[in-house]
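Comments concern the structure below.
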Amino acid sequence: MTQLHPELERITQRIIERSKPKRQAYLDFIARERDKGVHRPTLSCGNLAHGFAAAGDDKPAIRAGKAMNIGIVTAYNDMLSAHQPYGRYPEQIKIFAREVGATAQVAGGVPAMCDGVTQGQLGMELSLFSRDNIAMGSAIAMSHGMFEGALLLGICDKIVPGLFIAAARFGHIPTILVPAGPMPSGLANKEKQRVRQLYAEGKVGREELLEAESASYHGAGTCTFYGTANSNQMMMEMMGLHVPASAFINPGTKLRQELTRAATHRVTQIGWNGDDYRPFGHCVDEKAIVNACIGLLCTGGSTNHAIHLPAMARAAGIHIDWQDLSELSAIIPLLARVYPNGSGDVNHFHAAGGIGFIIRELAANGLLHTDIMTVSGQSLLDYAVDPVLDDAGSLMFAPSPEVTRDEAMLRPVSAAFQPDGGMRLVEGNLGRGVVKTSAVDPARWTIEAPARVFDDQDAVIAAFKAGELDHDVVVVVRFQGPRANGMPELHKLTPSLGVLQDRGFKVALVTDGRMSGASGKVPAAIHLWPEACDGGPLARLHDGDIVRLDAVAGTISVAVDGSDWESRPVATQPSQPLGTGRELFALMRASSDNAEAGASAMLAMAGL
């Protein structure tokens, strides 16, 4: 067995030691829930009768209580392409459950908003806190005591983290996350990016832009770029919470259906009445969380997970922070280049060897914890496989390739794209934040230029169109943190900032908000806290202040004399108009903790 990298062992052990009190309290909690919590045998006759009243042919089996009843929590809607395939899943799962003598019911539905639709719109201010809403909705679904296992149907940005958090609070229940897969490849991502920048410059019109976007996002399935949604799927496999190798199989295929069947059958095999009990809260331990971080880093995944992973870990009594991510990044090589880090999409990544290849490579070099409890197999090495159908149309698993099928997409550790994972902690007199360097030219990792300070992204676009940013500039967008306005993504800025950079200017973005999970080629210090609305340093910045972002040294600072800095008045947040339901999230904004802790009102108020 390959020896674990000493730094990986040290960082993991630090997380274990730091987490000990809360992790033990969590394990005690889920043990009590199994023994004394609400379950079908504890329900009154009236409770139980309500629970199976509409169960049809499954009513006798649910009533008898001799086989697992699977709770399905679904994020189905048919506006969101990634979740549209889930429409038929519940009826399929019920059939698959009956094949092994079990039953299934839809326990509840949760919202699944599309950041692609709300990007740059006011609705994006609901996006991050939809994660808390999803977690609470899932908890409501599972609170009825009718289920001994769970299948969670969700893919996209806040949906998987929200489902995960709820699953952790029902950690005594065996649970498998069930993906639906990415849409087939459409217009090449580089071409899409080119048209977006032309539109930002006014060189093509709305019709040309819409045609390009429609050719990119053209059918059912997850968007194919490597943003937060596809990073979610990768992480669930790196933690062993999927059926192996199921993340990136396209919807509407026989193979996709067989993977869903396998998930349904498998969850019935790991229940507490058998000899292979695998509760969610035991599958998710410190090593599994570290594996998720490693997967994120070695594939150049979404910066949004610098917020989601701490929140997800907290729900299972585990404490990680950006220092852990940054130190892991220093030892984890970048093995994949998936758009926006490269030209190919997740379908090309999967065809090149995908997650199975990644797991095999990392494990062979001592860069992964393989000794974790997964929902399937004896170790994480059982996930180094490709799913295929045999001649009879049944699911089987072939070993993943030992050699990459496409070195432009995927490489071994010995020939990594870069020696580190490209996600770095930066801190200084402007606060503490994160920089993703894996998609940025190394020549741009250090930027020093005058600041131009804005209070919203629309003002940045207006200044760009007016030619006011045609110089070396650090664009500062403040009052975008979780407590200010819900921390919307600022991906709308990417084309304009990219144009400035292509014109030869030194450009960077500094913000207490988020960039997209598809953060691209412009260097950005994001998630800065303390945030401006709490009197953080960005609230003292003035136009023309010289800001230095140094992703090599890990610093973010402004060159202002200390006495001058302290005497400056603190800017106040512009008033926020009502509308788009944002007023209903006021409690979440007011109660949220900082980005590094996970930007969650729910977890903060629960004391987790």
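Naming works like this for the structure tokens: A, B, ... for the chains as they're shown, residue 1 at the start of each chain, ligands 1 onward in shown order.
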Exercise for review: Determine, counting only C-alpha atoms, which protein, DNA and RNA residues have an atom within 6 Å of an atom of range 293-305 of chain A; residues of the same chain fewer than 6 positions away are not included. Present the result as a PyMOL selection string.
Suggested key: chain A and resi 227-228+231+332-336+421+517
If you run DSSP on the backbone, which residues of range 176-371 of chain A are helix (DSSP H, G or I), as a compact mmCIF listing (two decimals) with C-alpha atoms, in the first residue's frame?
# COMPACT_ATOMS: atom_id res chain seq x y z
CA ASN A 189 -16.90 26.70 -24.65
CA LYS A 190 -14.07 28.80 -26.10
CA GLU A 191 -16.39 29.90 -28.90
CA LYS A 192 -19.11 30.75 -26.39
CA GLN A 193 -16.60 32.84 -24.44
CA ARG A 194 -15.50 34.61 -27.65
CA VAL A 195 -19.06 35.60 -28.54
CA ARG A 196 -19.71 36.84 -25.00
CA GLN A 197 -16.70 39.13 -25.17
CA LEU A 198 -17.71 40.41 -28.59
CA TYR A 199 -21.15 41.22 -27.18
CA ALA A 200 -19.57 43.04 -24.22
CA ARG A 206 -28.30 40.12 -28.74
CA GLU A 207 -29.52 37.72 -31.42
CA GLU A 208 -26.00 36.42 -32.12
CA LEU A 209 -25.33 36.09 -28.40
CA LEU A 210 -28.59 34.23 -27.79
CA GLU A 211 -27.83 31.87 -30.67
CA ALA A 212 -24.42 31.03 -29.17
CA GLU A 213 -25.86 30.55 -25.68
CA SER A 214 -28.64 28.33 -27.07
CA ALA A 215 -26.10 26.18 -28.87
CA SER A 216 -24.20 25.80 -25.59
CA THR A 228 -20.17 24.27 -9.20
CA ALA A 229 -22.72 21.71 -10.40
CA ASN A 230 -20.18 19.37 -11.95
CA SER A 231 -17.76 20.01 -9.08
CA ASN A 232 -20.56 18.79 -6.79
CA GLN A 233 -20.77 15.51 -8.68
CA MET A 234 -17.02 15.01 -8.60
CA MET A 235 -16.90 15.59 -4.84
CA MET A 236 -19.71 13.14 -4.13
CA GLU A 237 -17.70 10.44 -5.89
CA MET A 238 -14.47 11.44 -4.14
CA LYS A 254 -29.84 2.88 -20.67
CA LEU A 255 -26.59 3.16 -18.71
CA ARG A 256 -27.94 6.15 -16.78
CA GLN A 257 -31.08 4.16 -15.87
CA GLU A 258 -29.05 1.17 -14.72
CA LEU A 259 -26.98 3.37 -12.43
CA THR A 260 -30.19 4.66 -10.83
CA ARG A 261 -31.37 1.07 -10.42
CA ALA A 262 -28.03 0.20 -8.79
CA ALA A 263 -28.38 3.11 -6.34
CA THR A 264 -31.86 1.97 -5.36
CA HIS A 265 -30.80 -1.63 -4.84
CA ARG A 266 -27.65 -0.61 -3.00
CA VAL A 267 -29.34 1.62 -0.42
CA THR A 268 -31.49 -1.36 0.62
CA GLN A 269 -28.34 -3.40 1.26
CA PHE A 280 -24.39 8.66 6.04
CA GLY A 281 -22.79 10.18 9.13
CA HIS A 282 -20.15 7.43 9.26
CA CYS A 283 -19.44 7.62 5.52
CA GLU A 286 -12.77 13.91 8.30
CA LYS A 287 -10.93 11.86 5.65
CA ALA A 288 -13.91 11.96 3.31
CA ILE A 289 -14.14 15.74 3.63
CA VAL A 290 -10.41 16.03 2.91
CA ASN A 291 -10.91 13.82 -0.16
CA ALA A 292 -13.57 16.24 -1.40
CA CYS A 293 -11.10 19.10 -0.99
CA ILE A 294 -8.42 17.13 -2.83
CA GLY A 295 -10.77 16.36 -5.71
CA LEU A 296 -11.72 20.02 -5.94
CA LEU A 297 -8.08 21.08 -6.09
CA CYS A 298 -6.70 18.49 -8.49
CA THR A 299 -9.48 19.12 -11.02
CA HIS A 305 -16.90 25.17 -2.59
CA ALA A 306 -14.57 27.28 -0.47
CA ILE A 307 -17.90 28.33 1.08
CA HIS A 308 -19.90 25.11 0.73
CA LEU A 309 -17.34 22.63 2.05
CA PRO A 310 -16.94 24.31 5.48
CA ALA A 311 -20.75 24.41 5.82
CA MET A 312 -21.16 20.78 4.74
CA ALA A 313 -18.42 19.66 7.12
CA ARG A 314 -19.95 21.57 10.04
CA ALA A 315 -23.18 19.66 9.65
CA TRP A 322 -9.31 28.12 4.10
CA GLN A 323 -5.89 27.49 5.63
CA ASP A 324 -6.57 23.76 5.23
CA LEU A 325 -7.60 24.27 1.59
CA SER A 326 -4.56 26.42 0.87
CA GLU A 327 -2.11 23.98 2.45
CA LEU A 328 -3.70 21.05 0.64
CA SER A 329 -3.48 23.03 -2.60
CA VAL A 346 -16.95 17.40 -18.59
CA ASN A 347 -17.96 14.95 -21.31
CA HIS A 348 -14.42 15.15 -22.71
CA PHE A 349 -13.05 14.83 -19.17
CA HIS A 350 -15.08 11.68 -18.57
CA ALA A 351 -14.05 10.22 -21.93
CA ALA A 352 -10.39 10.86 -21.08
CA GLY A 354 -12.54 11.01 -15.60
CA ILE A 355 -12.84 10.61 -11.87
CA GLY A 356 -11.81 6.95 -11.94
CA PHE A 357 -8.43 7.92 -13.42
CA ILE A 358 -8.10 10.76 -10.88
CA ILE A 359 -8.75 8.40 -7.95
CA ARG A 360 -6.26 5.83 -9.27
CA GLU A 361 -3.53 8.44 -9.82
CA LEU A 362 -3.93 10.20 -6.50
CA ALA A 363 -4.04 6.94 -4.54
CA ALA A 364 -0.93 5.61 -6.29
Review point. Using only C-alpha atoms, which of the listed residues (A:Ala150, A:Ile165, A:Val435, A:Leu425) sits closest to Met136 in chain A?
Key: A:Ile165
Study note, to complete from the structure: Separating CA of Pro450 in chain A from CA of Lys506 in chain A, to the nearest tenth of an Å, is a gap of 10.2 Å
Check your understanding: Residues at most 12 Å from Tyr217 in chain A, counting only C-alpha atoms, excluding those fewer than 6 positions away in the same chain, as a VMD selection string?
Key -> chain A and resid 80 to 82 116 to 117 182 to 189 192 210 to 211 223 to 225
Point to revise | A:Ala64, A:Ala532, A:Val499, A:Ile95 ranked by distance to Thr572 in chain A, top pick (using only C-alpha atoms) | key: A:Ala532
Practice item. Enumerate as a PyMOL selection string all residues of range 250-461 of chain A assigned to strand (DSSP E) by DSSP on the backbone, naming them with the chain letters and numbers the document uses. Key: chain A and resi 385-389+395-399+423-428+431-436+446-454
Once you have the residues from the selection above, write them out as a PDB file, in the first residue's frame, restricted to N, CA and C atoms.
ATOM      1  N   VAL A 385     -13.250   3.080 -11.562  1.00  0.00           N
ATOM      2  CA  VAL A 385     -13.884   2.200 -12.541  1.00  0.00           C
ATOM      3  C   VAL A 385     -14.643   3.013 -13.577  1.00  0.00           C
ATOM      4  N   ASP A 386     -14.996   2.321 -14.677  1.00  0.00           N
ATOM      5  CA  ASP A 386     -15.893   2.869 -15.690  1.00  0.00           C
ATOM      6  C   ASP A 386     -17.155   2.020 -15.708  1.00  0.00           C
ATOM      7  N   PRO A 387     -18.338   2.622 -15.680  1.00  0.00           N
ATOM      8  CA  PRO A 387     -19.564   1.825 -15.792  1.00  0.00           C
ATOM      9  C   PRO A 387     -19.847   1.479 -17.252  1.00  0.00           C
ATOM     10  N   VAL A 388     -20.206   0.238 -17.503  1.00  0.00           N
ATOM     11  CA  VAL A 388     -20.546  -0.208 -18.862  1.00  0.00           C
ATOM     12  C   VAL A 388     -21.698  -1.194 -18.766  1.00  0.00           C
ATOM     13  N   LEU A 389     -22.323  -1.460 -19.911  1.00  0.00           N
ATOM     14  CA  LEU A 389     -23.377  -2.464 -19.988  1.00  0.00           C
ATOM     15  C   LEU A 389     -22.821  -3.717 -20.649  1.00  0.00           C
ATOM     16  N   LEU A 395     -25.645  -3.727 -15.797  1.00  0.00           N
ATOM     17  CA  LEU A 395     -24.545  -2.868 -15.384  1.00  0.00           C
ATOM     18  C   LEU A 395     -23.365  -3.688 -14.890  1.00  0.00           C
ATOM     19  N   MET A 396     -22.185  -3.305 -15.329  1.00  0.00           N
ATOM     20  CA  MET A 396     -20.948  -3.872 -14.791  1.00  0.00           C
ATOM     21  C   MET A 396     -19.901  -2.770 -14.759  1.00  0.00           C
ATOM     22  N   PHE A 397     -18.832  -3.021 -14.049  1.00  0.00           N
ATOM     23  CA  PHE A 397     -17.798  -1.999 -13.896  1.00  0.00           C
ATOM     24  C   PHE A 397     -16.471  -2.541 -14.419  1.00  0.00           C
ATOM     25  N   ALA A 398     -15.861  -1.778 -15.321  1.00  0.00           N
ATOM     26  CA  ALA A 398     -14.543  -2.103 -15.839  1.00  0.00           C
ATOM     27  C   ALA A 398     -13.520  -1.197 -15.168  1.00  0.00           C
ATOM     28  N   PRO A 399     -12.289  -1.658 -15.007  1.00  0.00           N
ATOM     29  CA  PRO A 399     -11.269  -0.785 -14.408  1.00  0.00           C
ATOM     30  C   PRO A 399     -11.089   0.491 -15.220  1.00  0.00           C
ATOM     31  N   MET A 423      -5.755  26.895  -5.588  1.00  0.00           N
ATOM     32  CA  MET A 423      -6.712  27.649  -4.774  1.00  0.00           C
ATOM     33  C   MET A 423      -5.970  28.126  -3.538  1.00  0.00           C
ATOM     34  N   ARG A 424      -5.854  29.417  -3.416  1.00  0.00           N
ATOM     35  CA  ARG A 424      -4.946  29.969  -2.413  1.00  0.00           C
ATOM     36  C   ARG A 424      -5.658  30.948  -1.482  1.00  0.00           C
ATOM     37  N   LEU A 425      -5.290  30.870  -0.233  1.00  0.00           N
ATOM     38  CA  LEU A 425      -5.724  31.842   0.766  1.00  0.00           C
ATOM     39  C   LEU A 425      -4.904  33.106   0.584  1.00  0.00           C
ATOM     40  N   VAL A 426      -5.581  34.277   0.575  1.00  0.00           N
ATOM     41  CA  VAL A 426      -4.879  35.558   0.612  1.00  0.00           C
ATOM     42  C   VAL A 426      -5.414  36.338   1.807  1.00  0.00           C
ATOM     43  N   GLU A 427      -4.508  37.022   2.498  1.00  0.00           N
ATOM     44  CA  GLU A 427      -4.929  37.839   3.641  1.00  0.00           C
ATOM     45  C   GLU A 427      -4.011  39.028   3.786  1.00  0.00           C
ATOM     46  N   GLY A 428      -4.532  40.054   4.434  1.00  0.00           N
ATOM     47  CA  GLY A 428      -3.773  41.273   4.628  1.00  0.00           C
ATOM     48  C   GLY A 428      -4.686  42.346   5.173  1.00  0.00           C
ATOM     49  N   GLY A 431      -8.431  42.141   4.429  1.00  0.00           N
ATOM     50  CA  GLY A 431      -9.226  41.021   4.909  1.00  0.00           C
ATOM     51  C   GLY A 431      -8.641  39.685   4.525  1.00  0.00           C
ATOM     52  N   ARG A 432      -9.502  38.704   4.436  1.00  0.00           N
ATOM     53  CA  ARG A 432      -9.100  37.322   4.206  1.00  0.00           C
ATOM     54  C   ARG A 432     -10.003  36.755   3.115  1.00  0.00           C
ATOM     55  N   GLY A 433      -9.405  36.204   2.059  1.00  0.00           N
ATOM     56  CA  GLY A 433     -10.194  35.723   0.941  1.00  0.00           C
ATOM     57  C   GLY A 433      -9.523  34.580   0.216  1.00  0.00           C
ATOM     58  N   VAL A 434     -10.031  34.279  -0.969  1.00  0.00           N
ATOM     59  CA  VAL A 434      -9.594  33.136  -1.751  1.00  0.00           C
ATOM     60  C   VAL A 434      -9.303  33.591  -3.169  1.00  0.00           C
ATOM     61  N   VAL A 435      -8.249  33.012  -3.761  1.00  0.00           N
ATOM     62  CA  VAL A 435      -7.928  33.235  -5.176  1.00  0.00           C
ATOM     63  C   VAL A 435      -7.806  31.878  -5.845  1.00  0.00           C
ATOM     64  N   LYS A 436      -8.456  31.730  -6.997  1.00  0.00           N
ATOM     65  CA  LYS A 436      -8.299  30.524  -7.815  1.00  0.00           C
ATOM     66  C   LYS A 436      -7.334  30.854  -8.945  1.00  0.00           C
ATOM     67  N   THR A 446       0.189  38.134  -9.712  1.00  0.00           N
ATOM     68  CA  THR A 446       0.472  39.309  -8.884  1.00  0.00           C
ATOM     69  C   THR A 446       0.085  40.555  -9.673  1.00  0.00           C
ATOM     70  N   ILE A 447      -0.807  41.335  -9.107  1.00  0.00           N
ATOM     71  CA  ILE A 447      -1.304  42.552  -9.762  1.00  0.00           C
ATOM     72  C   ILE A 447      -1.240  43.699  -8.760  1.00  0.00           C
ATOM     73  N   GLU A 448      -0.670  44.819  -9.173  1.00  0.00           N
ATOM     74  CA  GLU A 448      -0.681  46.039  -8.361  1.00  0.00           C
ATOM     75  C   GLU A 448      -1.160  47.180  -9.244  1.00  0.00           C
ATOM     76  N   ALA A 449      -2.245  47.807  -8.848  1.00  0.00           N
ATOM     77  CA  ALA A 449      -2.829  48.854  -9.692  1.00  0.00           C
ATOM     78  C   ALA A 449      -3.779  49.712  -8.867  1.00  0.00           C
ATOM     79  N   PRO A 450      -4.169  50.881  -9.395  1.00  0.00           N
ATOM     80  CA  PRO A 450      -5.133  51.726  -8.677  1.00  0.00           C
ATOM     81  C   PRO A 450      -6.504  51.052  -8.592  1.00  0.00           C
ATOM     82  N   ALA A 451      -7.164  51.247  -7.489  1.00  0.00           N
ATOM     83  CA  ALA A 451      -8.506  50.689  -7.297  1.00  0.00           C
ATOM     84  C   ALA A 451      -9.547  51.575  -7.949  1.00  0.00           C
ATOM     85  N   ARG A 452     -10.584  50.928  -8.449  1.00  0.00           N
ATOM     86  CA  ARG A 452     -11.809  51.629  -8.816  1.00  0.00           C
ATOM     87  C   ARG A 452     -12.924  50.930  -8.036  1.00  0.00           C
ATOM     88  N   VAL A 453     -13.589  51.684  -7.183  1.00  0.00           N
ATOM     89  CA  VAL A 453     -14.478  51.097  -6.182  1.00  0.00           C
ATOM     90  C   VAL A 453     -15.931  51.249  -6.614  1.00  0.00           C
ATOM     91  N   PHE A 454     -16.669  50.133  -6.564  1.00  0.00           N
ATOM     92  CA  PHE A 454     -18.083  50.113  -6.940  1.00  0.00           C
ATOM     93  C   PHE A 454     -18.894  49.429  -5.847  1.00  0.00           C
TER      94      PHE A 454
END
**Study point:** Selection: 9 Å around Pro90 in chain A, only C-alpha atoms, excl. self and same-chain fewer than 2 positions, as a PyMOL selection string
**Key:** chain A and resi 72+74+86-88+92-95+104-106
Please provide the set of residues having any atom within 8 Å of Gly145 in chain A, restricted to only C-alpha atoms, with same-chain residues fewer than 2 positions apart removed, written as a tab-separated table (two decimals) with C-alpha atoms, in the first residue's frame.
chain	number	residue	atom	x	y	z
A	38	VAL	CA	-38.68	8.78	15.27
A	39	HIS	CA	-39.08	5.59	13.19
A	40	ARG	CA	-41.97	3.63	11.77
A	43	LEU	CA	-45.45	5.85	15.07
A	142	MET	CA	-37.22	13.24	6.34
A	143	SER	CA	-38.79	14.19	9.68
A	147	PHE	CA	-37.98	5.96	6.10
**Study point:** Residue with smallest distance to Asp321 in chain A - pool A:Ala595, A:Ile546, A:Met605, A:Leu163, counting only C-alpha atoms
**Key:**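 Under the stated criterion, the closest residue is A:Ala595.
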12 Å contact set for range 500-502 of chain A, only C-alpha atoms, chain neighbours under 4 positions out, as an mmCIF file with N, CA and C atoms, in the first residue's frame:
data_model
loop_
_atom_site.group_PDB
_atom_site.id
_atom_site.type_symbol
_atom_site.label_atom_id
_atom_site.label_comp_id
_atom_site.auth_asym_id
_atom_site.auth_seq_id
_atom_site.Cartn_x
_atom_site.Cartn_y
_atom_site.Cartn_z
ATOM 1 N N ARG A 194 -15.846 33.601 -26.639
ATOM 2 C CA ARG A 194 -15.498 34.605 -27.649
ATOM 3 C C ARG A 194 -16.700 35.479 -27.996
ATOM 4 N N GLN A 197 -17.563 37.960 -25.215
ATOM 5 C CA GLN A 197 -16.696 39.132 -25.169
ATOM 6 C C GLN A 197 -16.997 40.081 -26.322
ATOM 7 N N LEU A 198 -17.320 39.541 -27.479
ATOM 8 C CA LEU A 198 -17.711 40.410 -28.592
ATOM 9 C C LEU A 198 -18.979 41.198 -28.255
ATOM 10 N N ALA A 200 -19.941 42.031 -25.229
ATOM 11 C CA ALA A 200 -19.566 43.037 -24.224
ATOM 12 C C ALA A 200 -18.952 44.265 -24.888
ATOM 13 N N GLU A 201 -18.267 44.053 -26.020
ATOM 14 C CA GLU A 201 -17.640 45.167 -26.740
ATOM 15 C C GLU A 201 -18.602 45.839 -27.714
ATOM 16 N N VAL A 440 -5.746 30.959 -14.420
ATOM 17 C CA VAL A 440 -5.127 32.267 -14.644
ATOM 18 C C VAL A 440 -3.668 32.078 -15.060
ATOM 19 N N ASP A 441 -3.246 32.833 -16.058
ATOM 20 C CA ASP A 441 -1.839 32.823 -16.481
ATOM 21 C C ASP A 441 -0.960 33.198 -15.283
ATOM 22 N N ARG A 444 -0.027 36.675 -14.269
ATOM 23 C CA ARG A 444 -1.055 37.572 -13.725
ATOM 24 C C ARG A 444 -1.385 37.266 -12.263
ATOM 25 N N ILE A 447 -0.807 41.335 -9.107
ATOM 26 C CA ILE A 447 -1.304 42.552 -9.762
ATOM 27 C C ILE A 447 -1.240 43.699 -8.760
ATOM 28 N N ILE A 461 -20.260 47.571 -15.122
ATOM 29 C CA ILE A 461 -20.582 47.440 -16.551
ATOM 30 C C ILE A 461 -20.728 48.819 -17.188
ATOM 31 N N ALA A 463 -19.352 51.631 -16.231
ATOM 32 C CA ALA A 463 -18.028 52.264 -16.330
ATOM 33 C C ALA A 463 -17.221 51.653 -17.470
ATOM 34 N N PHE A 464 -17.341 50.351 -17.655
ATOM 35 C CA PHE A 464 -16.644 49.685 -18.760
ATOM 36 C C PHE A 464 -17.134 50.229 -20.099
ATOM 37 N N LYS A 465 -18.435 50.319 -20.259
ATOM 38 C CA LYS A 465 -19.001 50.796 -21.528
ATOM 39 C C LYS A 465 -18.639 52.249 -21.804
ATOM 40 N N GLY A 467 -15.795 53.527 -21.125
ATOM 41 C CA GLY A 467 -14.353 53.619 -21.345
ATOM 42 C C GLY A 467 -13.566 54.070 -20.136
ATOM 43 N N GLU A 468 -14.187 54.055 -18.952
ATOM 44 C CA GLU A 468 -13.527 54.562 -17.744
ATOM 45 C C GLU A 468 -12.551 53.566 -17.133
ATOM 46 N N LEU A 469 -12.538 52.322 -17.626
ATOM 47 C CA LEU A 469 -11.679 51.292 -17.036
ATOM 48 C C LEU A 469 -10.544 50.888 -17.975
ATOM 49 N N ASP A 470 -10.294 51.688 -19.009
ATOM 50 C CA ASP A 470 -9.260 51.343 -19.991
ATOM 51 C C ASP A 470 -7.875 51.738 -19.479
ATOM 52 N N HIS A 471 -7.461 51.066 -18.428
ATOM 53 C CA HIS A 471 -6.138 51.272 -17.830
ATOM 54 C C HIS A 471 -5.903 50.136 -16.845
ATOM 55 N N ASP A 472 -4.697 50.040 -16.331
ATOM 56 C CA ASP A 472 -4.455 49.056 -15.275
ATOM 57 C C ASP A 472 -5.382 49.378 -14.112
ATOM 58 N N VAL A 473 -6.075 48.367 -13.613
ATOM 59 C CA VAL A 473 -7.098 48.657 -12.606
ATOM 60 C C VAL A 473 -7.402 47.426 -11.760
ATOM 61 N N VAL A 474 -7.612 47.645 -10.478
ATOM 62 C CA VAL A 474 -8.191 46.647 -9.590
ATOM 63 C C VAL A 474 -9.641 47.060 -9.355
ATOM 64 N N VAL A 475 -10.554 46.304 -9.940
ATOM 65 C CA VAL A 475 -11.977 46.588 -9.793
ATOM 66 C C VAL A 475 -12.449 46.023 -8.455
ATOM 67 N N LEU A 493 -19.612 40.001 -14.715
ATOM 68 C CA LEU A 493 -18.462 40.874 -14.955
ATOM 69 C C LEU A 493 -17.388 40.208 -15.809
ATOM 70 N N THR A 494 -17.424 38.883 -15.926
ATOM 71 C CA THR A 494 -16.324 38.159 -16.554
ATOM 72 C C THR A 494 -16.028 38.626 -17.983
ATOM 73 N N PRO A 495 -17.025 38.752 -18.872
ATOM 74 C CA PRO A 495 -16.689 39.183 -20.232
ATOM 75 C C PRO A 495 -16.021 40.557 -20.289
ATOM 76 N N SER A 496 -16.547 41.510 -19.534
ATOM 77 C CA SER A 496 -15.990 42.869 -19.581
ATOM 78 C C SER A 496 -14.564 42.907 -19.047
ATOM 79 N N LYS A 506 -3.426 45.427 -17.008
ATOM 80 C CA LYS A 506 -3.384 44.594 -15.805
ATOM 81 C C LYS A 506 -4.709 44.785 -15.069
ATOM 82 N N VAL A 507 -5.428 43.683 -14.864
ATOM 83 C CA VAL A 507 -6.784 43.762 -14.317
ATOM 84 C C VAL A 507 -6.942 42.710 -13.226
ATOM 85 N N ALA A 508 -7.614 43.088 -12.157
ATOM 86 C CA ALA A 508 -7.991 42.120 -11.123
ATOM 87 C C ALA A 508 -9.329 42.543 -10.533
ATOM 88 N N LEU A 509 -10.012 41.572 -9.956
ATOM 89 C CA LEU A 509 -11.258 41.819 -9.231
ATOM 90 C C LEU A 509 -11.034 41.530 -7.762
ATOM 91 N N GLY A 520 -12.901 32.423 -14.374
ATOM 92 C CA GLY A 520 -12.001 32.201 -15.489
ATOM 93 C C GLY A 520 -10.671 32.899 -15.377
ATOM 94 N N LYS A 521 -10.256 33.551 -16.466
ATOM 95 C CA LYS A 521 -8.862 33.923 -16.671
ATOM 96 C C LYS A 521 -8.430 35.197 -15.953
ATOM 97 N N VAL A 522 -9.364 35.971 -15.411
ATOM 98 C CA VAL A 522 -9.013 37.221 -14.728
ATOM 99 C C VAL A 522 -8.759 36.931 -13.253
ATOM 100 N N PRO A 523 -7.607 37.349 -12.704
ATOM 101 C CA PRO A 523 -7.345 37.087 -11.285
ATOM 102 C C PRO A 523 -8.383 37.774 -10.401
#
**Study point:** Leu4 in chain A surroundings by only C-alpha atoms, 9 Å radius, close-in-sequence under 4 positions cut, as a list in words
**Key:** Leu8, Glu9, Ala363, Asn365, Gly366, Leu367, Leu368 and His369 of chain A
Review point. Out of A:Gly240, A:Ala484, A:Val560, A:Gly109, which residue has the shortest atom-to-atom distance to Ser591 in chain A when counting only C-alpha atoms?
Key: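 Ranking A:Gly240, A:Ala484, A:Val560, A:Gly109 by distance to Ser591 in chain A, first place goes to A:Ala484.
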